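Coordinates as given in target.txt (compact mmCIF, C-alpha atoms):
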```
# COMPACT_ATOMS: atom_id res chain seq x y z
CA MET A 359 -11.43 -26.70 3.61
CA GLN A 360 -8.91 -28.17 6.07
CA LYS A 361 -5.31 -27.36 5.20
CA ILE A 362 -3.41 -30.43 4.04
CA LEU A 363 -0.25 -29.01 5.60
CA LEU A 364 -1.48 -29.77 9.12
CA PRO A 365 -2.68 -33.38 9.28
CA LEU A 366 -2.58 -33.50 13.09
CA LEU A 367 -5.24 -36.14 13.65
CA LEU A 368 -4.34 -39.79 13.19
CA LEU A 369 -6.15 -41.48 10.34
CA SER A 370 -7.50 -44.98 10.84
CA LEU A 371 -7.82 -47.29 7.87
CA PRO A 372 -8.32 -51.07 7.85
CA LEU A 373 -5.30 -53.37 7.78
CA ALA A 374 -5.55 -57.10 8.18
CA ALA A 375 -3.22 -58.84 10.63
CA ASP A 376 -2.67 -62.54 11.36
CA ALA A 377 -6.10 -62.83 12.88
CA GLU A 378 -9.63 -63.46 11.72
CA THR A 379 -10.57 -59.80 12.04
CA ALA A 380 -8.84 -56.75 10.65
CA THR A 381 -7.02 -54.34 12.93
CA GLU A 382 -6.52 -50.65 12.26
CA ILE A 383 -3.54 -48.86 10.81
CA GLN A 384 -2.54 -46.01 13.07
CA TYR A 385 -0.91 -43.31 10.97
CA GLN A 386 1.47 -40.92 12.65
CA PRO A 387 1.85 -37.45 11.12
CA LEU A 388 4.76 -37.23 8.69
CA GLN A 389 4.92 -33.44 8.83
CA PRO A 390 7.34 -33.22 11.81
CA LEU A 391 9.84 -35.54 10.13
CA LEU A 392 9.65 -33.72 6.80
CA SER A 393 10.03 -30.31 8.44
CA GLN A 394 13.69 -31.07 9.19
CA GLY A 395 14.64 -30.58 5.54
CA THR A 396 17.20 -28.09 4.29
CA GLU A 397 17.90 -26.20 1.08
CA GLN A 398 19.44 -29.45 -0.15
CA TYR A 399 15.85 -30.43 -1.07
CA PRO A 400 14.43 -27.28 -2.73
CA THR A 401 11.52 -28.84 -4.62
CA LEU A 402 10.51 -30.95 -1.64
CA GLN A 403 10.42 -27.87 0.56
CA HIS A 404 8.64 -25.81 -2.09
CA VAL A 405 5.78 -28.29 -2.39
CA LEU A 406 5.54 -28.93 1.36
CA THR A 407 5.30 -25.20 2.05
CA ASN A 408 2.16 -24.95 -0.09
CA PRO A 409 0.86 -28.50 -0.66
CA GLU A 410 -2.77 -27.69 -1.51
CA PRO A 411 -2.32 -26.90 -5.26
CA TYR A 412 -0.34 -30.14 -5.58
CA ARG A 413 -3.03 -32.24 -3.87
CA LEU A 414 -0.19 -33.97 -2.12
CA GLN A 415 -0.62 -37.33 -0.38
CA ILE A 416 2.25 -39.36 1.07
CA ILE A 417 2.57 -42.61 3.02
CA TYR A 418 5.97 -43.46 4.48
CA THR A 419 6.36 -46.76 6.30
CA ARG A 420 9.23 -47.68 8.58
CA VAL A 421 10.19 -51.36 8.82
CA ASP A 422 11.67 -52.70 12.06
CA ARG A 423 12.66 -56.34 12.29
CA GLY A 424 12.33 -58.61 15.29
CA ALA A 425 14.98 -61.07 16.47
CA ASP A 426 13.38 -63.66 14.16
CA ASN A 427 13.44 -61.19 11.22
CA SER A 428 9.66 -60.65 11.42
CA PRO A 429 8.71 -57.19 10.12
CA ASN A 430 6.93 -54.60 12.19
CA LEU A 431 5.55 -51.58 10.31
CA THR A 432 5.14 -48.01 11.54
CA TYR A 433 3.01 -45.82 9.26
CA TYR A 434 3.32 -42.08 8.65
CA GLN A 435 1.07 -39.97 6.45
CA PHE A 436 0.87 -36.52 4.94
CA GLY A 437 -2.42 -35.29 3.48
CA LEU A 438 -3.86 -38.80 3.22
CA ASP A 439 -7.52 -38.72 2.23
CA ASP A 440 -9.36 -41.67 0.69
CA ASN A 441 -12.16 -39.37 -0.39
CA ARG A 442 -9.90 -37.05 -2.38
CA TYR A 443 -9.95 -38.52 -5.86
CA PHE A 444 -6.91 -38.63 -8.11
CA TYR A 445 -6.55 -40.49 -11.38
CA PRO A 446 -4.41 -43.58 -10.65
CA ALA A 447 -3.04 -44.00 -14.20
CA SER A 448 -0.81 -47.06 -14.59
CA THR A 449 -0.71 -47.94 -10.90
CA VAL A 450 -3.86 -50.05 -11.46
CA LYS A 451 -1.73 -52.43 -13.55
CA LEU A 452 -0.13 -53.89 -10.42
CA PRO A 453 -3.34 -55.21 -8.81
CA ILE A 454 -4.53 -56.42 -12.23
CA ALA A 455 -1.31 -58.39 -12.66
CA LEU A 456 -1.55 -59.89 -9.17
CA LEU A 457 -5.19 -60.85 -9.68
CA ALA A 458 -4.32 -62.53 -12.99
CA LEU A 459 -1.83 -64.73 -11.16
CA GLU A 460 -4.34 -65.39 -8.38
CA TRP A 461 -6.94 -66.40 -10.97
CA LEU A 462 -4.37 -68.66 -12.63
CA SER A 463 -3.51 -70.45 -9.40
CA GLU A 464 -7.20 -71.21 -8.80
CA GLN A 465 -7.74 -72.96 -12.15
CA ASN A 466 -5.73 -76.02 -11.11
CA ILE A 467 -5.47 -77.30 -14.70
CA ALA A 468 -2.49 -79.39 -15.79
CA GLY A 469 -0.22 -77.46 -18.15
CA LEU A 470 -1.76 -74.09 -17.28
CA ASN A 471 0.74 -71.68 -15.75
CA SER A 472 2.04 -68.16 -16.25
CA ASP A 473 4.19 -69.23 -19.23
CA THR A 474 1.35 -70.97 -21.09
CA THR A 475 0.49 -69.40 -24.44
CA ILE A 476 -2.60 -67.19 -24.24
CA PHE A 477 -4.57 -66.17 -27.32
CA THR A 478 -6.98 -63.24 -27.23
CA ASP A 479 -9.73 -63.19 -29.85
CA ALA A 480 -12.19 -60.46 -30.89
CA ALA A 481 -15.94 -60.85 -30.58
CA THR A 482 -16.82 -57.41 -31.95
CA ASP A 483 -15.45 -55.09 -34.60
CA TRP A 484 -13.95 -52.80 -31.96
CA GLN A 485 -12.17 -55.50 -29.98
CA THR A 486 -8.66 -56.53 -31.04
CA ALA A 487 -7.08 -59.97 -31.16
CA GLN A 488 -3.56 -61.06 -30.26
CA ALA A 489 -2.00 -64.41 -31.22
CA THR A 490 1.72 -63.57 -31.38
CA ASP A 491 4.25 -61.66 -29.32
CA PRO A 492 7.58 -61.05 -31.06
CA THR A 493 9.03 -59.67 -27.80
CA SER A 494 8.89 -63.07 -26.09
CA ALA A 495 11.41 -65.89 -26.48
CA SER A 496 8.65 -68.23 -27.72
CA GLY A 497 7.09 -65.69 -30.07
CA PHE A 498 3.76 -66.12 -28.31
CA PRO A 499 2.00 -64.13 -25.59
CA SER A 500 1.71 -65.40 -22.02
CA ILE A 501 0.58 -64.01 -18.69
CA ALA A 502 4.19 -63.93 -17.51
CA GLN A 503 5.32 -61.96 -20.55
CA TYR A 504 2.47 -59.48 -20.20
CA ILE A 505 3.37 -58.94 -16.54
CA LYS A 506 7.05 -58.56 -17.35
CA LYS A 507 6.34 -55.76 -19.84
CA ILE A 508 3.84 -54.14 -17.46
CA LEU A 509 6.40 -53.95 -14.67
CA LEU A 510 9.44 -53.06 -16.79
CA VAL A 511 7.99 -50.31 -19.00
CA SER A 512 4.33 -50.03 -17.92
CA ASP A 513 3.02 -51.65 -21.10
CA ASN A 514 -0.64 -50.74 -21.70
CA ASP A 515 -1.50 -53.61 -24.03
CA GLY A 516 -0.31 -56.24 -21.57
CA SER A 517 -2.48 -54.80 -18.83
CA ASN A 518 -5.49 -54.54 -21.14
CA ARG A 519 -5.12 -58.21 -22.10
CA LEU A 520 -5.17 -59.25 -18.45
CA TYR A 521 -8.19 -56.98 -17.87
CA GLU A 522 -9.93 -58.77 -20.74
CA LEU A 523 -9.04 -62.14 -19.24
CA LEU A 524 -10.42 -61.34 -15.80
CA GLY A 525 -13.34 -58.99 -16.43
CA GLN A 526 -14.63 -56.27 -14.15
CA ASP A 527 -16.58 -58.50 -11.79
CA PHE A 528 -13.59 -60.62 -10.81
CA ILE A 529 -11.26 -57.61 -10.49
CA ASN A 530 -13.51 -55.38 -8.41
CA GLN A 531 -15.07 -58.04 -6.22
CA ARG A 532 -11.68 -59.51 -5.36
CA LEU A 533 -10.21 -56.11 -4.49
CA ALA A 534 -13.16 -55.35 -2.20
CA ALA A 535 -12.87 -58.78 -0.53
CA LYS A 536 -9.23 -58.04 0.24
CA GLY A 537 -10.20 -54.88 2.09
CA LEU A 538 -9.23 -52.58 -0.78
CA LYS A 539 -12.56 -50.79 -0.73
CA ASN A 540 -11.50 -47.49 -2.29
CA SER A 541 -10.64 -49.04 -5.64
CA VAL A 542 -12.55 -49.22 -8.91
CA ILE A 543 -11.10 -50.65 -12.12
CA ASN A 544 -13.54 -50.24 -14.97
CA HIS A 545 -11.71 -49.56 -18.22
CA ARG A 546 -8.85 -50.46 -20.50
CA LEU A 547 -5.99 -47.98 -20.70
CA SER A 548 -5.23 -45.67 -23.65
CA VAL A 549 -8.06 -47.16 -25.72
CA PRO A 550 -10.99 -44.80 -26.48
CA LEU A 551 -13.96 -47.02 -25.59
CA THR A 552 -17.31 -46.30 -24.01
CA ALA A 553 -18.25 -47.49 -20.53
CA GLU A 554 -20.52 -50.08 -22.15
CA GLN A 555 -17.69 -51.39 -24.34
CA ASN A 556 -15.41 -51.64 -21.32
CA ARG A 557 -17.98 -53.94 -19.72
CA GLN A 558 -17.44 -56.45 -22.55
CA PHE A 559 -14.48 -58.82 -22.50
CA ASN A 560 -12.78 -60.69 -25.31
CA PRO A 561 -12.76 -64.45 -25.79
CA VAL A 562 -9.53 -65.92 -24.42
CA SER A 563 -7.92 -69.34 -24.83
CA PHE A 564 -4.81 -71.16 -23.62
CA VAL A 565 -2.89 -73.79 -25.59
CA ASP A 566 0.08 -76.03 -24.86
CA THR A 567 3.39 -76.01 -26.71
CA LYS A 568 1.91 -78.22 -29.45
CA GLY A 569 -1.11 -75.98 -29.94
CA ASN A 570 -3.51 -78.29 -28.14
CA PRO A 571 -6.29 -76.46 -26.24
CA ILE A 572 -6.06 -76.31 -22.46
CA LEU A 573 -8.78 -73.80 -21.54
CA ALA A 574 -11.15 -71.55 -23.50
CA LEU A 575 -13.19 -68.64 -22.15
CA PRO A 576 -16.00 -67.24 -24.33
CA ALA A 577 -16.76 -63.57 -24.82
CA ARG A 578 -18.18 -62.27 -21.55
CA SER A 579 -19.79 -59.11 -20.22
CA THR A 580 -21.17 -57.66 -17.02
CA ASN A 581 -24.34 -55.72 -16.41
CA ARG A 582 -22.98 -54.32 -13.16
CA GLN A 583 -21.63 -50.78 -13.32
CA TYR A 584 -18.50 -50.15 -11.26
CA ILE A 585 -18.38 -46.38 -10.99
CA ASN A 586 -17.15 -43.72 -8.59
CA LYS A 587 -20.32 -43.05 -6.67
CA ASP A 588 -19.07 -39.68 -5.44
CA LYS A 589 -18.89 -38.53 -9.10
CA PRO A 590 -15.49 -36.84 -8.80
CA THR A 591 -14.36 -34.08 -11.13
CA LEU A 592 -10.89 -32.67 -11.74
CA GLY A 593 -9.52 -29.47 -13.22
CA ARG A 594 -11.17 -26.17 -14.06
CA ALA A 595 -11.25 -27.07 -17.79
CA TYR A 596 -10.12 -29.79 -20.20
CA ILE A 597 -9.34 -30.40 -23.84
CA SER A 598 -11.69 -32.72 -25.74
CA GLY A 599 -10.46 -33.33 -29.25
CA LYS A 600 -9.33 -29.83 -30.19
CA GLU A 601 -11.98 -28.05 -28.14
CA LEU A 602 -11.48 -26.40 -24.76
CA ILE A 603 -14.32 -27.32 -22.41
CA ASN A 604 -14.60 -24.73 -19.66
CA SER A 605 -15.82 -27.01 -16.92
CA PRO A 606 -14.25 -29.70 -14.72
CA MET A 607 -13.68 -33.14 -16.25
CA ASP A 608 -15.97 -35.92 -15.00
CA PHE A 609 -14.18 -39.02 -13.64
CA THR A 610 -17.27 -40.98 -12.60
CA ASP A 611 -16.48 -43.73 -15.12
CA LYS A 612 -12.71 -43.71 -14.58
CA ASN A 613 -10.46 -46.00 -12.58
CA ARG A 614 -9.85 -45.34 -8.91
CA LEU A 615 -7.10 -46.57 -6.58
CA SER A 616 -6.75 -44.59 -3.38
CA LEU A 617 -3.22 -44.04 -2.11
CA ALA A 618 -3.88 -46.22 0.95
CA ASP A 619 -5.19 -49.03 -1.27
CA PHE A 620 -2.23 -48.75 -3.67
CA ASP A 621 0.14 -48.82 -0.71
CA GLY A 622 -1.78 -51.80 0.63
CA VAL A 623 -1.38 -53.71 -2.64
CA ILE A 624 2.40 -53.31 -2.44
CA LYS A 625 2.54 -54.38 1.20
CA ARG A 626 0.35 -57.43 0.54
CA LEU A 627 2.93 -58.47 -2.05
CA ILE A 628 6.08 -57.73 -0.02
CA PHE A 629 4.86 -58.89 3.40
CA PRO A 630 1.84 -61.17 2.86
CA GLN A 631 2.31 -62.63 6.36
CA LEU A 632 1.05 -59.36 7.85
CA PHE A 633 -2.40 -59.92 6.33
CA ASN A 634 -4.96 -62.60 6.94
CA GLN A 635 -5.54 -65.19 4.23
CA GLN A 636 -8.60 -63.50 2.76
CA GLN A 637 -6.87 -60.17 2.33
CA ARG A 638 -3.71 -61.49 0.70
CA PHE A 639 -3.12 -62.05 -2.99
CA ASN A 640 -3.05 -65.82 -3.02
CA LEU A 641 -0.11 -66.52 -5.30
CA LYS A 642 2.10 -69.51 -5.90
CA SER A 643 5.61 -68.84 -4.66
CA GLU A 644 7.02 -68.90 -8.19
CA ASP A 645 4.40 -66.37 -9.35
CA ARG A 646 5.15 -64.02 -6.45
CA ASP A 647 8.85 -64.31 -7.29
CA LEU A 648 8.08 -63.44 -10.91
CA VAL A 649 6.36 -60.20 -9.87
CA LEU A 650 9.11 -59.24 -7.44
CA ARG A 651 11.81 -59.99 -10.01
CA TYR A 652 10.32 -57.74 -12.67
CA MET A 653 9.26 -54.97 -10.29
CA ALA A 654 12.93 -54.55 -9.37
CA MET A 655 14.51 -55.36 -12.76
CA LEU A 656 15.78 -52.41 -14.77
CA PRO A 657 14.76 -52.21 -18.47
CA PRO A 658 18.34 -52.41 -19.86
CA ASP A 659 18.81 -55.72 -17.99
CA SER A 660 15.98 -57.43 -19.87
CA THR A 661 16.81 -59.82 -22.73
CA SER A 662 13.33 -60.37 -24.12
CA PRO A 663 12.12 -57.80 -24.74
CA LEU A 664 15.31 -55.90 -25.39
CA TYR A 665 15.01 -52.26 -24.34
CA ASP A 666 17.27 -49.51 -25.63
CA ALA A 667 18.87 -47.81 -22.62
CA ALA A 668 18.58 -44.47 -24.44
CA ASP A 669 14.78 -44.77 -24.31
CA TYR A 670 14.48 -46.85 -21.14
CA PRO A 671 17.42 -46.08 -18.83
CA ASP A 672 17.95 -47.69 -15.43
CA ASN A 673 15.86 -45.06 -13.68
CA TYR A 674 12.92 -45.18 -16.08
CA SER A 675 9.84 -44.82 -13.83
CA LYS A 676 11.98 -45.11 -10.66
CA PHE A 677 10.89 -41.63 -9.57
CA LEU A 678 11.42 -42.06 -5.84
CA LEU A 679 15.15 -41.62 -5.14
CA PHE A 680 16.30 -41.58 -8.79
CA GLY A 681 13.77 -39.62 -10.87
CA GLY A 682 15.07 -37.16 -13.45
CA LYS A 683 17.83 -37.30 -16.03
CA ALA A 684 18.99 -40.74 -17.16
CA GLN A 685 21.35 -42.41 -14.75
CA GLN A 686 22.51 -45.83 -13.64
CA LEU A 687 21.32 -47.20 -10.31
CA PRO A 688 23.86 -48.37 -7.73
CA PRO A 689 24.11 -52.19 -7.86
CA HIS A 690 23.21 -52.55 -4.17
CA ILE A 691 19.87 -50.70 -4.47
CA ARG A 692 16.62 -52.54 -5.23
CA ILE A 693 13.40 -50.65 -5.88
CA PHE A 694 10.22 -52.73 -6.08
CA ASN A 695 7.77 -50.19 -7.44
CA LYS A 696 4.98 -49.26 -9.79
CA ALA A 697 4.56 -45.73 -11.08
CA GLY A 698 1.94 -43.94 -13.17
CA TRP A 699 1.36 -40.55 -14.70
CA ALA A 700 -1.65 -38.97 -16.41
CA TYR A 701 -3.82 -35.84 -16.22
CA GLY A 702 -1.07 -34.04 -14.31
CA HIS A 703 -0.83 -36.70 -11.60
CA ILE A 704 2.46 -38.48 -10.91
CA ILE A 705 2.19 -41.49 -8.60
CA ASP A 706 4.85 -43.85 -7.36
CA GLY A 707 4.75 -46.57 -4.74
CA ALA A 708 7.91 -48.41 -3.75
CA TYR A 709 9.58 -50.80 -1.35
CA ILE A 710 13.18 -49.55 -1.34
CA VAL A 711 16.07 -51.74 -0.20
CA ASP A 712 19.78 -51.00 0.19
CA LEU A 713 21.56 -54.35 0.43
CA GLN A 714 24.84 -52.71 1.37
CA GLN A 715 23.54 -50.52 4.21
CA GLN A 716 20.85 -53.08 5.16
CA ILE A 717 17.97 -50.63 5.18
CA GLU A 718 14.42 -51.00 3.86
CA PHE A 719 11.36 -48.77 3.79
CA PHE A 720 8.16 -48.04 1.87
CA VAL A 721 7.11 -44.77 0.23
CA THR A 722 3.91 -44.16 -1.71
CA ALA A 723 3.02 -40.69 -2.98
CA VAL A 724 0.91 -38.75 -5.45
CA VAL A 725 1.51 -35.18 -6.58
CA TYR A 726 -0.56 -33.12 -9.01
CA ALA A 727 1.60 -30.84 -11.17
CA ASN A 728 -0.81 -28.89 -13.34
CA GLU A 729 -0.38 -25.19 -12.74
CA ASN A 730 -3.14 -24.00 -15.09
CA ASP A 731 -5.51 -26.77 -13.90
CA ILE A 732 -6.45 -27.66 -17.50
CA LEU A 733 -6.50 -31.38 -18.32
CA ASN A 734 -5.28 -32.88 -21.61
CA ASP A 735 -3.33 -29.82 -22.72
CA ASP A 736 0.02 -31.53 -22.00
CA LEU A 737 1.22 -28.44 -20.14
CA TYR A 738 2.00 -30.28 -16.92
CA GLN A 739 4.99 -29.59 -14.68
CA ARG A 740 6.06 -33.21 -14.61
CA GLU A 741 9.79 -32.68 -15.11
CA GLU A 742 9.95 -29.28 -13.42
CA VAL A 743 8.10 -30.15 -10.19
CA ALA A 744 6.63 -33.64 -9.84
CA VAL A 745 9.65 -35.81 -10.68
CA PRO A 746 12.14 -33.66 -8.70
CA PHE A 747 9.73 -33.71 -5.76
CA LEU A 748 9.51 -37.51 -5.74
CA ARG A 749 13.26 -37.86 -6.16
CA GLU A 750 13.96 -35.54 -3.25
CA LEU A 751 11.28 -37.18 -1.10
CA GLY A 752 12.93 -40.57 -1.64
CA GLN A 753 16.40 -39.14 -0.98
CA TYR A 754 15.27 -37.37 2.17
CA LEU A 755 13.65 -40.50 3.62
CA TYR A 756 16.63 -42.63 2.56
CA GLN A 757 18.96 -40.34 4.52
CA HIS A 758 16.58 -40.55 7.48
CA GLU A 759 16.72 -44.35 7.30
CA LEU A 760 20.52 -44.33 7.21
CA LYS A 761 20.65 -42.40 10.49
CA ARG A 762 17.88 -43.92 12.56
CA PRO A 763 18.80 -46.61 15.10
CA ARG A 764 17.53 -50.15 14.61
CA LYS A 765 17.70 -52.95 17.17
CA TYR A 766 18.00 -55.72 14.57
CA LEU A 767 19.33 -55.48 11.03
CA PRO A 768 17.12 -57.18 8.43
CA ASP A 769 17.96 -60.45 6.75
CA LEU A 770 17.50 -59.44 3.10
CA SER A 771 18.48 -62.78 1.57
CA GLU A 772 15.09 -63.13 -0.16
CA VAL A 773 15.62 -59.81 -1.92
CA ARG A 774 19.07 -60.93 -3.05
CA GLU A 775 17.78 -64.24 -4.34
CA VAL A 776 14.74 -62.99 -6.22
CA THR A 777 16.69 -60.20 -7.92
CA ALA A 778 19.86 -62.14 -8.74
CA PRO A 779 20.93 -61.53 -12.39
CA ASP A 780 20.50 -65.18 -13.39
CA THR A 781 16.85 -65.33 -12.28
CA GLU A 782 15.40 -63.93 -15.51
CA ILE A 783 13.38 -66.57 -17.30
CA ASP A 784 12.87 -66.10 -21.04
```
As structure tokens, please, write out the structure in this file.
Amino acid sequence: MQKILLPLLLLSLPLAADAETATEIQYQPLQPLLSQGTEQYPTLQHVLTNPEPYRLQIIYTRVDRGADNSPNLTYYQFGLDDNRYFYPASTVKLPIALLALEWLSEQNIAGLNSDTTIFTDAATDWQTAQATDPTSASGFPSIAQYIKKILLVSDNDGSNRLYELLGQDFINQRLAAKGLKNSVINHRLSVPLTAEQNRQFNPVSFVDTKGNPILALPARSTNRQYINKDKPTLGRAYISGKELINSPMDFTDKNRLSLADFDGVIKRLIFPQLFNQQQRFNLKSEDRDLVLRYMAMLPPDSTSPLYDAADYPDNYSKFLLFGGKAQQLPPHIRIFNKAGWAYGHIIDGAYIVDLQQQIEFFVTAVVYANENDILNDDLYQREEVAVPFLRELGQYLYQHELKRPRKYLPDLSEVREVTAPDTEID
């Protein structure tokens, strides 16, 4: 097996530009830049010295602005491999949220928007219904409220409701059409259902503020099976119930989101102008602003829901740059990110902005911290290795960005506007 430590060949993966045909991303090796680290970054250096057990993959992207503020991206990678499966955990919630807003914009029905009340019904005894949401200002669920909770605290139920709205066909076919071809989303999260059950989707309806119907979708299903055709397995053993199964765990019927695809989702959101129309998420400007606002918002700054800072501090899920013990984030830092963790994997993808120093960059990474290689035993090295690694990786690249010369400083007024404190809508 090729050593991940020496990714000397450039990888080529599809990226759409402002043209009818896609161009290719040219990834430069990140290894030379990372090799300049010191003992100031002990966990970073520890993992980089022997990356294979950690199944490490990193994408770092430099942003250089033109005289007209247009962004130009330079990509770097470490260990990037679309064929090396990892469980994407909650990172799949971001494309689901964006596709829900894309679906919404295509309905073109008066009174139907992200704040419209959405009711989810149950068509079987194993499906669940939802007609209220005490966390929202209205007391009712909406697409906007689901997305807010998804982005602030990675709410599973909100993501599952949007999955039930869209269905597997819409989700997977749209991702493939956007050039995100190493992605499969085929199940709800944290709900023990069969593959067949996950191919069935609840009835959903929308009503106006007076309770009058706007749109109703019946129970739906798909006969198409969206699976990982390479039949990936992970671990040397796993826990099922209370039993230890001494064989790798099968992830054929699990979600997939390659690191390059996850990174591509974030970049399609931040810089849609770099992609052709087909490969963008086609969002209304107010819906894109909603996603950006809540990606960067910190849980203690939310008013509905209210989050206790003891449970959800500023740096909750902000692993890159600030992972670890609870701390406040500097007021000039904005981190637009989505993180996930499960089965020993910790994943974070972020667009990081310092409004004071006028720097911006992207980092997306996955690290596997499971020393005994047994899944579901909860003996992962999340706090000992994975989170410190991501924190130090972010800090290291941040310091690199502070020092590197740039011809033009970015105009970050859009970031300021979309994250201003008075932009929260409840």
Review point. If we count all atoms listed in the file, what is near segment 735-749 of chain A at a cut-off of 6 Å, once residues fewer than 6 positions away on the same chain are taken out, given as a PyMOL selection string?
Key: chain A and resi 401-402+677-681+702+727-728
**Study point:** Interatomic distance (Å, one decimal) between atom CA of Asn514 of chain A and atom CA of Pro492 of chain A
**Key:** 16.2 Å
Can you tell me, as an mmCIF file with C-alpha atoms, keeping the file's coordinate frame, which residues sit within 7 Å of (1.2, -35.1, -3.8) in the file's frame, using only C-alpha atoms?
```
data_model
loop_
_atom_site.group_PDB
_atom_site.id
_atom_site.type_symbol
_atom_site.label_atom_id
_atom_site.label_comp_id
_atom_site.auth_asym_id
_atom_site.auth_seq_id
_atom_site.Cartn_x
_atom_site.Cartn_y
_atom_site.Cartn_z
ATOM 1 C CA TYR A 412 -0.340 -30.140 -5.580
ATOM 2 C CA ARG A 413 -3.030 -32.240 -3.870
ATOM 3 C CA LEU A 414 -0.190 -33.970 -2.120
ATOM 4 C CA GLN A 415 -0.620 -37.330 -0.380
ATOM 5 C CA ILE A 416 2.250 -39.360 1.070
ATOM 6 C CA ALA A 723 3.020 -40.690 -2.980
ATOM 7 C CA VAL A 724 0.910 -38.750 -5.450
ATOM 8 C CA VAL A 725 1.510 -35.180 -6.580
ATOM 9 C CA TYR A 726 -0.560 -33.120 -9.010
#
```
Practice item. List the residues sitting within 12 Å of (-0.1, -63.9, -21.0) in the file's frame, using all atoms listed in the file, as a PyMOL selection string. Key: chain A and resi 455+458-459+462+470-478+488-491+494+496-508+515-524+562-565
**Study point:** Counting only C-alpha atoms, the option among A:Ile704, A:Leu510, A:Ile383, A:Ala480 closest to Thr661 of chain A
**Key:** A:Leu510
If you count all atoms listed in the file, which residues fall within 6 Å of segment 541-549 of chain A, apart from same-chain ones fewer than 6 positions away, as a CSV table (one decimal) with C-alpha atoms, keeping the file's coordinate frame?
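In the end it all went to selection.csv:
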```
chain,number,residue,atom,x,y,z
A,518,ASN,CA,-5.5,-54.5,-21.1
A,556,ASN,CA,-15.4,-51.6,-21.3
A,613,ASN,CA,-10.5,-46.0,-12.6
A,614,ARG,CA,-9.8,-45.3,-8.9
A,615,LEU,CA,-7.1,-46.6,-6.6
```
Point to revise | Nearest to Pro550 of chain A by atom-to-atom distance, counting all atoms listed in the file, from A:Gln631, A:Gln389, A:Gln485, A:Ser463 | key: A:Gln485
Check your understanding: Near segment 712-718 of chain A, counting only C-alpha atoms, which residues have an atom at most 8 Å away, once you skip same-chain residues fewer than 2 positions from it, shown as a list in words?
Key -> Arg420, Val421, His690, Ile691, Arg692, Tyr709, Ile710, Phe720, Glu759, Leu760, Leu767, Pro768, Leu770 and Arg774 of chain A
Exercise for review: Choose the residue, out of A:Tyr434, A:Asn730, A:Ile705, A:Asp645, that has the smallest atom-to-atom separation from Tyr596 of chain A; count only C-alpha atoms.
Suggested key: A:Asn730
Revision key, fill the gap. Counting only C-alpha atoms, the residue among A:Glu729, A:Gly537, A:Ala468, A:Leu406 that lies closest to Gln635 of chain A is A:Gly537
Exercise for review: Please provide as a PyMOL selection string all residues within 12 Å of Phe694 of chain A, with the sequence filter that same-chain residues fewer than 5 positions apart are discarded (counting all atoms listed in the file).
Suggested key: chain A and resi 452+509-510+624-625+627-628+647-656+675-678+706-712+718-722+773+776-777
Contacts of Asn604 of chain A at 12 Å or less, counting all atoms listed in the file, minus same-chain residues fewer than 4 places along, as a short mmCIF file (atom, residue, chain, number, x, y, z; two decimals) with C-alpha atoms, keeping the file's coordinate frame?
```cif
data_model
loop_
_atom_site.label_atom_id
_atom_site.label_comp_id
_atom_site.auth_asym_id
_atom_site.auth_seq_id
_atom_site.Cartn_x
_atom_site.Cartn_y
_atom_site.Cartn_z
CA LEU A 592 -10.89 -32.67 -11.74
CA GLY A 593 -9.52 -29.47 -13.22
CA ARG A 594 -11.17 -26.17 -14.06
CA ALA A 595 -11.25 -27.07 -17.79
CA TYR A 596 -10.12 -29.79 -20.20
CA ILE A 597 -9.34 -30.40 -23.84
CA SER A 598 -11.69 -32.72 -25.74
CA ASP A 731 -5.51 -26.77 -13.90
CA ILE A 732 -6.45 -27.66 -17.50
CA LEU A 733 -6.50 -31.38 -18.32
#
```
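Candidate residues A:Thr482, A:Asp669, A:Phe528, A:Asn734 were compared for distance to Lys600 of chain A, and the nearest is A:Asn734, using only C-alpha atoms.
In this model, the gap between atom CA of Ala778 of chain A and atom CA of Glu460 of chain A comes to 24.4 Å.
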Revision key, fill the gap. Atom CA of Tyr754 of chain A sits from atom CA of Ser393 of chain A at a separation of 10.8 Å
